Structures are given as C-alpha cells and as structure tokens.
Amino acid sequence: MSDVSFVRTDMLSEQEPPASSVGVIGWMRSNLFSSWGNSILSLASMAFLYLILSAILPWAISPTWGATSLAECREILHGLGREGHLSGACWGVIRDRWVQLFMGFYPSEFYWRPILTFILLFVALAPVLFADKVPAKLIWFSALYPFLMPWLLWGGSLWVPLAVLAGFVIGFLVHGVVSKKMSGLAGLIAGLVAAVVWWMFLAGIVSGALTSIIPLALESVESRKFGGLLLSLTIGVVAIGFSLPIGVVLALGRQSDLLIVRALCVGFIEFIRGVPLITLLFVASTLLNIFMPPGTNFDIIMRVIMMATLFSAAYMAEVIRGGLAALPTGQYEGADSLGLNYWQAQRLIIMPQALKISIPGIVSTFIGLFKDTTLVSVIGLLDPLGLSNAIRADAAWNGIVWELYGFIALMFWVFCFSMSRYSMYLERKLQTGHR
Amino acid sequence: MKKTVFFGALAVAGLAAGVAAAGTLDDVKARGKLNCGVTTGLVGFAAPDANGEWNGFDVSVCRAVAAAVLGDSAAVEFVPTTGKTRFTALASGEIDMLARNTTWTFSRDVDLKFTFVGVNYYDGQGFLVPKDLGVSSAKDLDGATICIQTGTTTELNLADYFRSNNISYEPVPIETNSEAQQQYLAGACDVFTTDASGLAATRATFENPGDHVLLPEIISKEPLGPLVRHGDNEWGDVVRWTLNALISAEEMGISSANIAELSAGTNNPEVNRILGTEGTLGEMLGLDAGWAKNAIAAGGNYGEIFAKNIGEDTPIGLARGLNAQWTNGGLIYSPPFR
C-alpha cells in the first residue's frame with residue numbers, strides 16, 4: 001500500500017464567489033428573484049413599468065421645444081410622421097410660459113425680489129432646520145425675516161415693517177418694566193396694550209413721517225400681480241410659518257385646566273376641522289366682501305392666507321396633541337418635581353419630546369397645506385392650476401392639457417419631496433432610542 | 001396681535017370707503033384705474049399672454065371703458081373671476097364692472113340686482129359631434145351620451161330641450177371645458193354641448209377639425225354682455241354708451257385707422273357728436289368730450305374687436321352671424337347718439 005496520508009502545507013487561495021451571487025446577477029437574485037413569489041411580483045412590476053413607460057416616453061420625447069403654438073407642434077410631429085391625438089407632447093407651451101407659471105404677473109423688472117426672498121428664506125430657515133451646521137447668531141436674521149419678506153414681495157416703504165417690528169419691541173420693553181414693578185400678568189397685559197396702541201394709532205403716523213424724511217421704499221406690487229408658484233409659495237410658507245406656533249398654543253390650550261381656554265380651543269379646532277377648506281376659501285373671497293363696507297380693500301391674498309393658516313393650525317393642534325398624549329405621565333411629573341413652572345416645563349421637557357414624536361404628522365400637514373394652496377384657483381386666483389386654464393385660453397395653446405399638468409405636478413413634487421426627505425433626516429438626527 | 005392692526009386698519013378703511021362711495025364713476029376717476037372682472041381664461045374672450053397682458057373680446061370692452069373714463073386703455077386692473085365668484089365680486093364693489101361672457105337673464109337682472117348694459121355677443125347653446133356618428137340634427141340624438149358642464153345654464157337648457165322633444169340622453173357631467181375636450185376626444189361621450197362660440201373654439205384645437213361638425217340647432221338664447229350693479233345709473237350709462245359707441249362706430253364707418261382724420265370734423269353730424277366735435281354728449285355723461293374717441297381708438301370699433309379676437313381670420317374663426325350689424329341682417333344695434 002502506498003502512503004495515502006496527505007497533509008496540506010499551504011492554504012487554498014480564496015476563490016472568487018460564484019458568478020451567480022455577485023454583481024448585477026447576484027443583486028437581482030437576492031433582491032428581485034429570491035423566491036417564487038418574489039420572482040412573480042418582480043416580473044409583474046417590470047411588465048407594469050414597461051407598459052407605463054412605453055406609453056409615456058414616446059409621447060414625452062418630442063422635439064417640440066421651439067414651437068410657438070399647438071398647430072406648430074402638430075406640424076413638427078406631422079413632419080416626423082407622427083400622427084394622432086396623443087402622438088407627442090407639445091413642450092413649446094412650457095418654454096413660452098414657464099416664467100409665468102413661476103412668477104405669475106409679477107412685473108418682470110422686479111423678478112429679483114421674489115428670487116431674493118426665496119433665497120433668504122433658506123438663510124432664515126437654516127438656523128431652524130440645520131441648527132448644528134450654521135452659526136447660532138443667524139437666528140436673529142430668522143427673527144427679522146417675517147418683516148423683510150412682505151417688504152420685498154409687496155414693496156412699499158421699509159418703515160412700515162420696521163414700525164410693526166417696533167411694536168413688538170415696545171410691547172416687550174413695557175412688559176419687562178411693568179412685570180418687574182408689578183405682577184407678571186399685569187406686565188403681559190400692559191405689554192400687549194402698549195403694542196396694540198402703537199400699531200393702531202402711532203405706527204402709521206411714525207412710519208409715514210419717517211418715509212417723508214428718508215424715503216426707503218421699493219416700488220409696491222399689488223396682490224393681484226401674484227400668481228403661479230410664487231402665489232402658492234407665498235400662501236404656503238406664510239401659512240406654514242404661522243400655523244405651527246398657533247397649533248402648539250391650541251394643543252396646549254386644549255389640555256389646559258382653565259375651562260374657558262379649553263372650551264375656546266376645542267370649539268375652534270372642532271369647528272375648523274368640521275368645515276372643508278374650500279368653504280373657508282369661499283367665505284374669504286365672497287362672504288367677507290359682503291359683510292365689509294363697500295369699497296373696503298381687504299387684500300384677497302391676506303384673506304386666503306388667514307384662512308389657510310387657521311385651517312392648518314387646527315390640524316396642527318391635533319397632531320401635536322397626539323405627540324403630547326404619547327408622552328408618559330412621568331415626564332410631566334418629573335418636570336414638576338424639578339420645580340419648573342408651566343412654561344419652563346413645556347419649553348425644556350414636554351415640547352421637545354412631543355414635537356419630535358409629531359414630526360411625521362407635522363410635515364404631512366405642511367405638505368397637505370402646500371398642496372391645498374391650489375384650491376385658490378376656485379376663487380379666481382391664478383395659482384399654477386388657475387394659470388394652466390388661463391394659458392389654455394390663449395388661442396395658440398388651447399387644447400394643451402397634459403404638458404401643463406405634468407409640469408405643475410413636477411414643480412409641486414420637488415417641494416413636497418424635499419419636505420418629506422427633510423423630515424426623514426430630522427427624525428434620524430433626533431433619534432435617541434435604541435433600535 | 002397682528003390681526004388687531006389689521007382690523008383697526010380695516011375699520012378705518014371702511015369708514016373712509018363709506019364716505020367715498022358716492023358714485024362708481026367718481027371712484028374710478030379718483031382711483032385712476034378701472035377694476036374690471038373677466039374670466040380666469042376663455043379662448044378669444046379673455047386670456048393673459050406670456051407677458052401677463054390680458055387680451056380678448058370681453059377684455060376689449062374693459063379697455064374701451066377705461067379709455068373713455070380715464071383716457072388710458074391700459075388703466076385697467078383685470079380681476080379674474082370664476083363662475084362662482086363673479087356676482088359677489090361685482091355686488092361687493094370689488095370690481096366696477098363685469099365683462100365675463102355672462103348671459104343676461106331675468107333672475108340675474110332682477111333678483112341678483114345687476115344692470116346689464118347691453119349685449120356684446122349673441123351666443124346660443126349648440127352641439128358638437130364627430131362626423132362618423134352620422135347625425136345631422138340634434139333631434140337624432142336619442143339615447144346619446146352628452147358631455148356637459150355641471151352647474152351651468154347649459155345643463156338646464158339641455159334637459160329642457162330633450163324633454164320638449166321627447167327624446168332621452170345620458171349626461172356625462174364634467175367640471176371644466178378642457179376636461180370636456182379630453183373626454184370628448186377619448187370617446188367618453190358622443191356629443192359635447194356648450195355655447196356655440198366655445199364649441200367653435202374647441203373644435204379649432206382638434207387635430208382634425210374637419211372630422212367634427214356643429215349641429216345646426218341652437219337650443220338656447222345666450223345674450224352675453226357687460227353688467228354693473230343696480231342703483232348707480234350714471235356709471236351704468238357710461239358703460240352702456242361706451243359699448244354703444246363701439247357699435248355705432250362700426251355702423252358709421254369710424255375705425256381705428258380713420259379716427260384721427262374723422263375727428264377733425266366731418267359732414268355727418270352723428271359722427272361729429274360721437275367724436276365730440278359737436279354737441280356736449282361727453283359732458284352729459286360726466287366725461288370729457290373725447291370719451292368715445294378714446295374708447296374707439298383703444299381697440300377699434302366693434303367690428304375690428306370682433307375680427308381681431310374671435311373673427312374668421314383667427315383660429316377660433318367665428319362668423320358674424322347674429323352679431324352682424326342690423327344693417328347686415330344681424331342683431332347688433334345701437335340707439336342713436338343724439
């Protein structure tokens with residue numbers, strides 16, 4: 001017998017993994033075809049995607065960017081041998097009208113103003129959205145932004161927003177002085193009264209006087225000139241900005257032990273939630289007009305913003321109440337045991353946790369509100385959807401539907417998708433649990 | 001707290017408005033701008049172009065009134081209104097006049113308290129059908145599916161017409177005109193019905209307009225015209241006679257081309273009265289003597305406005321038909337300027 005014992009003296013070199021488990025094939029095997037059921041689902045989805053894309057892409061890929069009318073689009077397509085009702089998209093309408101879809105009727109020489117406002121919006125939001133990445137001092141700019149924004153958009157004298165701002169400063173100072181000498185409640189009331197007196201009687205006179213001395217004014221632009229995405233964004237951003245604080249107050253009010261406060265908050269929330277937004281918009285556009293003395297010029301966009309704000313504030317209150325309800329009672333008791341008063345407890349313990357829990361709901365409400373701004377087209381404001389109708393009324397573009405709707409959908413999608421991604425980022429950043 | 005400022009300012013503005021609301025004419029003059037309600041967009045009648053300039057048949061009436069009152073056809077603030085908001089906008093004073101292809105009906109005039117100052121377009125409800133359907137009269141439409149805009153007079157007219165002719169139909173309710181076009185082209189309905197001018201405009205956008213025909217029946221009367229609020233007759237007169245001036249100008253042969261020449265004085269006393277070289281018509285209206293001249297110069301006479309916006313040379317291609325001058329067998333007729 002020969003010696004059959006065998007001792008390996010060197011290691012086998014690593015082999016390449018089998019071709020079927022790496023690369024594209026491997027990825028497909030593990031992600032698309034890991035089992036019979038998944039394979040069938042994958043194939044069905046692919047077939048579905050193919051069906052949709054094979055219908056849309058040939059239509060969307062259409063060399064009609066330069067056309068100046070629907071008839072010209074058809075000529076171009078006809079020249080390519082493409083016939084029929086939906087043989088190709090007519091993108092010329094987007095080239096012709098995209099500026100209008102973004103800016104509405106805003107005077108073109110002032111386009112820099114909404115653009116600057118939009119850029120500054122991000123600067124102002126940065127300390128709120130990305131608190132750890134920007135200098136903390138920037139929060140002062142965020143505080144000033146609500147006064148800067150209307151001035152840039154609507155124009156007029158710079159002294160008007162400054163006078164309004166001064167009202168807050170005066171109220172705050174009076175509050176400080178009085179509450180030191182008397183009780184805190186007296187200080188609050190005195191501050192409020194001082195601010196209101198300033199706004200109602202003095203602000204107009206002072207800003208008028210200052211304007212006549214140093215006329216720092218931008219050419220004013222009327223609300224009627226707002227349209228397109230600019231209108232949607234203006235309504236959306238202002239309503240979002242106001243609805244969150246109002247919603248927090250309403251949510252707290254609903255949990256309050258004070259009977260009247262609670263009744264008011266519950267009544268408000270339930271009333272607003274029980275009424276469709278479109279009804280509120282009609283109230284804003286028509287009923288208010290009838291109630292007010294004839295000739296009163298109560299800005300239509302302001303009316304719509306107020307209604308949209310109230311509407312989303314009611315929803316916001318319920319979302320935040322959900323967050324509050326999710327907090328264990330121990331958190332409230334812990335705050336009490338530390339000797340924190342109500343506002344301190346809310347600010348330091350309750351709200352940070354409740355708001356964190358509510359982030360997905362809050363952002364959903366924001367997205368919903370932003371999309372709801374398209375409803376203003378039913379009261380004759382020319383938001384992107386309203387403009388699409390106005391553009392179709394141009395004899396050159398009459399008959400164009402899907403190109404406009406597709407473009408508008410894309411505009412809205414960009415904003416809503418960014419909001420949704422940001423909320424996911426924020427949730428991850430604030431994640432403190434151990435999952 | 002900001003709201004408080006707002007309501008304060010509002011109350012003050014309201015008081016000021018209460019004092020100032022003497023007459024619409026004075027308000028417009030003081031404001032230096034005419035607030036004119038138009039549609040949010042209807043082919044040929046009112047639409048903004050890429051630069052935001054409004055154009056169209058109804059828009060021209062607004063511009064003519066602005067030119068007559070303020071001497072500047074650009075001094076108009078166009079307020080887009082929907083079918084639902086138009087009447088409250090006018091009643092509340094948000095707009096001074098409404099030129100929004102609005103049908104003159106009894107209830108709108110009497111019950112809603114508006115004054116229709118005239119008719120600038122005689123429309124009527126018609127039917128659009130594909131040629132392959134092989135229908136030559138609306139009476140053959142028994143059992144047809146019909147696309148119709150909900151909540152309009154056209155819906156009621158249709159029901160009346162089919163009931164009185166003892167035939168049945170199946171309505172396909174749709175919300176907007178563009179939706180109707182899509183549904184009709186997709187074959188969701190056999191017939192599309194709306195105002196004949198709208199049908200013509202719609203058909204003009206089709207890939208093959210020749211494959212579709214307008215049936216000869218016009219089943220309703222839709223006199224469209226500008227309107228103002230009840231109770232301010234001076235202002236009503238201004239709008240009425242501005243429209244009449246445009247109509248008379250066509251009849252008298254005054255056009256934007258020859259108006260400068262004619263306003264030097266002519267042998268025709270009525271032309272002279274219209275153009276303000278004779279008589280004191282402008283003064284009677286509370287306007288300056290050149291009011292009608294300005295109105296006509298703004299966009300031309302009635303015929304020119306018609307031809308430019310909806311006439312046979314435009315894609316919409318409407319024939320004058322009922323809207324021809326009475327001298328040509330139409331219904332367009334202005335009382336004399338005397």
# chains A, B, ... in the order shown; residues from 1 in each chain; ligands from 1
call {"tool": "interface_residues", "arguments": {"of": "chain B", "to": "chain A", "cutoff": "6 Å", "atoms": "only C-alpha atoms", "output": "PyMOL selection string"}}
result
chain B and resi 5+14+17+40-43+47+50+52+80-82+88+92-93+205
call {"tool": "residues_around", "arguments": {"residues": "range 23-39 of chain B", "least_positions_apart": "4", "cutoff": "9 Å", "atoms": "only C-alpha atoms", "output": "PyMOL selection string"}}
result
(chain A and resi 380+390) or (chain B and resi 45-47+58-59+62-63+65-66+69-70+74-83+86+89-90+93-101+232+234-235+238+286)
call {"tool": "select_by_dssp", "arguments": {"residues": "range 33-268 of chain B", "states": "strand (DSSP E)", "output": "ChimeraX atom specification"}}
result
/B:34-39,47-48,54-55,76-81,97-98,114-116,121-123,125-130,144-149,169-174,191-195,212-214,222-224,227-229
call {"tool": "select_by_dssp", "arguments": {"residues": "range 197-275 of chain A", "states": "alpha helix (DSSP H)", "output": "PyMOL selection string"}}
result
chain A and resi 197+203-213+228-254+259-273
call {"tool": "residues_around", "arguments": {"residues": "range 267-273 of chain B", "least_positions_apart": "3", "cutoff": "10 Å", "atoms": "only C-alpha atoms", "output": "short mmCIF file (atom, residue, chain, number, x, y, z; two decimals) with all heavy atoms, in the first residue's frame"}}
result
data_model
loop_
_atom_site.label_atom_id
_atom_site.label_comp_id
_atom_site.auth_asym_id
_atom_site.auth_seq_id
_atom_site.Cartn_x
_atom_site.Cartn_y
_atom_site.Cartn_z
N SER B 248 -71.86 101.79 -32.72
CA SER B 248 -72.19 102.84 -33.67
C SER B 248 -71.00 103.17 -34.56
O SER B 248 -71.16 103.47 -35.74
CB SER B 248 -72.62 104.11 -32.94
OG SER B 248 -73.87 103.92 -32.34
N ALA B 249 -69.80 103.10 -33.97
CA ALA B 249 -68.62 103.43 -34.76
C ALA B 249 -68.51 102.52 -35.96
O ALA B 249 -68.18 102.96 -37.07
CB ALA B 249 -67.37 103.30 -33.89
N MET B 252 -71.11 103.56 -38.46
CA MET B 252 -70.82 104.84 -39.12
C MET B 252 -69.51 104.80 -39.89
O MET B 252 -69.12 105.81 -40.48
CB MET B 252 -70.69 105.95 -38.06
CG MET B 252 -71.83 106.03 -37.11
SD MET B 252 -73.09 107.10 -37.77
CE MET B 252 -74.51 106.48 -36.92
N GLY B 253 -68.82 103.69 -39.80
CA GLY B 253 -67.55 103.59 -40.52
C GLY B 253 -66.39 104.27 -39.83
O GLY B 253 -65.42 104.66 -40.48
N ILE B 254 -66.51 104.47 -38.51
CA ILE B 254 -65.36 105.02 -37.78
C ILE B 254 -64.50 103.84 -37.34
O ILE B 254 -64.98 102.94 -36.67
CB ILE B 254 -65.81 105.78 -36.53
CG1 ILE B 254 -66.91 106.78 -36.85
CG2 ILE B 254 -64.63 106.48 -35.87
CD1 ILE B 254 -67.55 107.40 -35.63
N LEU B 262 -61.21 111.59 -39.04
CA LEU B 262 -62.61 111.96 -38.85
C LEU B 262 -62.79 112.92 -37.69
O LEU B 262 -63.71 113.74 -37.71
CB LEU B 262 -63.45 110.70 -38.60
CG LEU B 262 -63.59 109.73 -39.75
CD1 LEU B 262 -64.45 108.54 -39.35
CD2 LEU B 262 -64.19 110.42 -40.97
N SER B 263 -61.95 112.84 -36.69
CA SER B 263 -62.18 113.69 -35.52
C SER B 263 -61.78 115.13 -35.79
O SER B 263 -61.97 116.01 -34.94
CB SER B 263 -61.45 113.16 -34.30
OG SER B 263 -60.10 112.95 -34.60
N ALA B 264 -61.25 115.40 -36.99
CA ALA B 264 -61.02 116.79 -37.37
C ALA B 264 -62.35 117.44 -37.76
O ALA B 264 -62.42 118.66 -37.92
CB ALA B 264 -60.04 116.85 -38.55
N GLY B 276 -67.16 113.94 -30.49
CA GLY B 276 -67.02 115.07 -29.57
C GLY B 276 -66.71 116.39 -30.22
O GLY B 276 -66.40 117.36 -29.52
N THR B 277 -66.78 116.47 -31.58
CA THR B 277 -66.53 117.76 -32.21
C THR B 277 -67.80 118.59 -32.29
O THR B 277 -67.77 119.74 -32.65
CB THR B 277 -65.95 117.58 -33.63
OG1 THR B 277 -66.76 116.61 -34.31
CG2 THR B 277 -64.53 117.08 -33.58
N GLU B 278 -68.92 117.97 -31.95
CA GLU B 278 -70.19 118.69 -31.99
C GLU B 278 -70.99 118.24 -30.77
O GLU B 278 -70.91 117.08 -30.36
CB GLU B 278 -70.93 118.30 -33.27
CG GLU B 278 -71.70 119.41 -33.94
CD GLU B 278 -72.36 118.90 -35.23
OE1 GLU B 278 -71.64 118.61 -36.19
OE2 GLU B 278 -73.59 118.78 -35.25
N GLY B 279 -71.75 119.13 -30.18
CA GLY B 279 -72.61 118.73 -29.07
C GLY B 279 -71.84 118.56 -27.78
O GLY B 279 -70.62 118.76 -27.71
N THR B 280 -72.57 118.15 -26.73
CA THR B 280 -71.95 118.04 -25.40
C THR B 280 -72.26 116.69 -24.78
O THR B 280 -72.56 116.57 -23.60
CB THR B 280 -72.50 119.14 -24.48
OG1 THR B 280 -73.93 119.03 -24.45
CG2 THR B 280 -72.10 120.51 -24.92
N LEU B 281 -72.20 115.62 -25.60
CA LEU B 281 -72.55 114.30 -25.08
C LEU B 281 -71.63 113.88 -23.94
O LEU B 281 -72.07 113.32 -22.94
CB LEU B 281 -72.50 113.27 -26.20
CG LEU B 281 -73.50 113.46 -27.34
CD1 LEU B 281 -73.43 112.29 -28.31
CD2 LEU B 281 -74.91 113.60 -26.81
N GLY B 282 -70.33 114.15 -24.11
CA GLY B 282 -69.38 113.74 -23.08
C GLY B 282 -69.68 114.41 -21.76
O GLY B 282 -69.67 113.78 -20.70
N ALA B 289 -64.98 115.53 -23.66
CA ALA B 289 -65.61 115.46 -24.98
C ALA B 289 -65.03 114.31 -25.82
O ALA B 289 -65.72 113.76 -26.67
CB ALA B 289 -65.43 116.79 -25.71
N GLY B 290 -63.78 113.93 -25.57
CA GLY B 290 -63.16 112.91 -26.41
C GLY B 290 -63.37 111.50 -25.91
O GLY B 290 -62.67 110.58 -26.32
N ALA B 292 -65.63 109.05 -26.36
CA ALA B 292 -65.91 107.97 -27.30
C ALA B 292 -64.76 107.79 -28.28
O ALA B 292 -64.43 106.67 -28.68
CB ALA B 292 -67.20 108.26 -28.06
N PRO B 336 -79.47 105.74 -31.18
CA PRO B 336 -78.74 106.86 -31.79
C PRO B 336 -78.04 107.75 -30.77
O PRO B 336 -78.48 107.88 -29.64
CB PRO B 336 -79.85 107.62 -32.52
CG PRO B 336 -81.10 107.25 -31.82
CD PRO B 336 -80.93 105.87 -31.33
N PHE B 337 -76.97 108.35 -31.23
CA PHE B 337 -76.24 109.33 -30.41
C PHE B 337 -76.81 110.69 -30.73
O PHE B 337 -76.52 111.30 -31.74
CB PHE B 337 -74.74 109.28 -30.74
CG PHE B 337 -74.03 108.18 -30.02
CD1 PHE B 337 -74.23 106.85 -30.37
CD2 PHE B 337 -73.17 108.46 -28.98
CE1 PHE B 337 -73.59 105.85 -29.70
CE2 PHE B 337 -72.52 107.45 -28.31
CZ PHE B 337 -72.73 106.15 -28.66
N ARG B 338 -77.71 111.16 -29.89
CA ARG B 338 -78.37 112.42 -30.18
C ARG B 338 -78.61 113.14 -28.87
O ARG B 338 -78.96 112.51 -27.90
CB ARG B 338 -79.70 112.15 -30.89
CG ARG B 338 -80.47 113.38 -31.25
CD ARG B 338 -81.58 113.06 -32.24
NE ARG B 338 -81.06 112.65 -33.54
CZ ARG B 338 -80.63 113.50 -34.47
NH1 ARG B 338 -80.64 114.80 -34.25
NH2 ARG B 338 -80.21 113.06 -35.63
#
call {"tool": "atom_distance", "arguments": {"atom1": "CA of Trp59 in chain A", "atom2": "CA of His78 in chain A"}}
result
13.6 Å
call {"tool": "closest_residue", "arguments": {"among": "A:Gly26, A:Pro18, A:Gly155, A:Gly227", "to": "Asp383 in chain A", "atoms": "only C-alpha atoms"}}
result
A:Gly227
call {"tool": "residues_around", "arguments": {"residues": "range 322-332 of chain A", "least_positions_apart": "6", "cutoff": "8 Å", "atoms": "only C-alpha atoms", "output": "PyMOL selection string"}}
result
chain A and resi 345+349-351+353-358
call {"tool": "residues_around", "arguments": {"residues": "Ile269 in chain A", "least_positions_apart": "2", "cutoff": "12 Å", "atoms": "only C-alpha atoms", "output": "MDAnalysis selection string"}}
result
chainID A and resid 246:247 249:251 253:254 262:267 271:275 310:319 321
call {"tool": "atom_distance", "arguments": {"atom1": "CA of Val172 in chain B", "atom2": "CA of Glu155 in chain B"}}
result
10.7 Å
call {"tool": "atom_distance", "arguments": {"atom1": "CA of Gly334 in chain A", "atom2": "CA of Leu258 in chain A"}}
result
22.1 Å
call {"tool": "residues_around", "arguments": {"residues": "Ser164 in chain B", "least_positions_apart": "5", "cutoff": "12 Å", "atoms": "only C-alpha atoms", "output": "PyMOL selection string"}}
result
chain B and resi 139+157-159+219
call {"tool": "write_last_selection", "arguments": {"atoms": "N, CA and C atoms", "output": "short mmCIF file (atom, residue, chain, number, x, y, z; two decimals), in the first residue's frame"}}
result
data_model
loop_
_atom_site.label_atom_id
_atom_site.label_comp_id
_atom_site.auth_asym_id
_atom_site.auth_seq_id
_atom_site.Cartn_x
_atom_site.Cartn_y
_atom_site.Cartn_z
N LYS B 139 -82.18 66.38 -33.18
CA LYS B 139 -83.33 65.53 -32.90
C LYS B 139 -82.99 64.05 -33.08
N ASN B 157 -80.73 73.97 -19.99
CA ASN B 157 -81.23 74.10 -21.36
C ASN B 157 -81.34 72.74 -22.03
N LEU B 158 -80.29 71.92 -21.80
CA LEU B 158 -80.24 70.61 -22.43
C LEU B 158 -81.42 69.76 -21.95
N ALA B 159 -81.65 69.77 -20.63
CA ALA B 159 -82.75 68.98 -20.08
C ALA B 159 -84.08 69.45 -20.68
N ILE B 219 -80.04 75.69 -29.24
CA ILE B 219 -81.21 75.41 -28.41
C ILE B 219 -81.46 76.45 -27.32
#
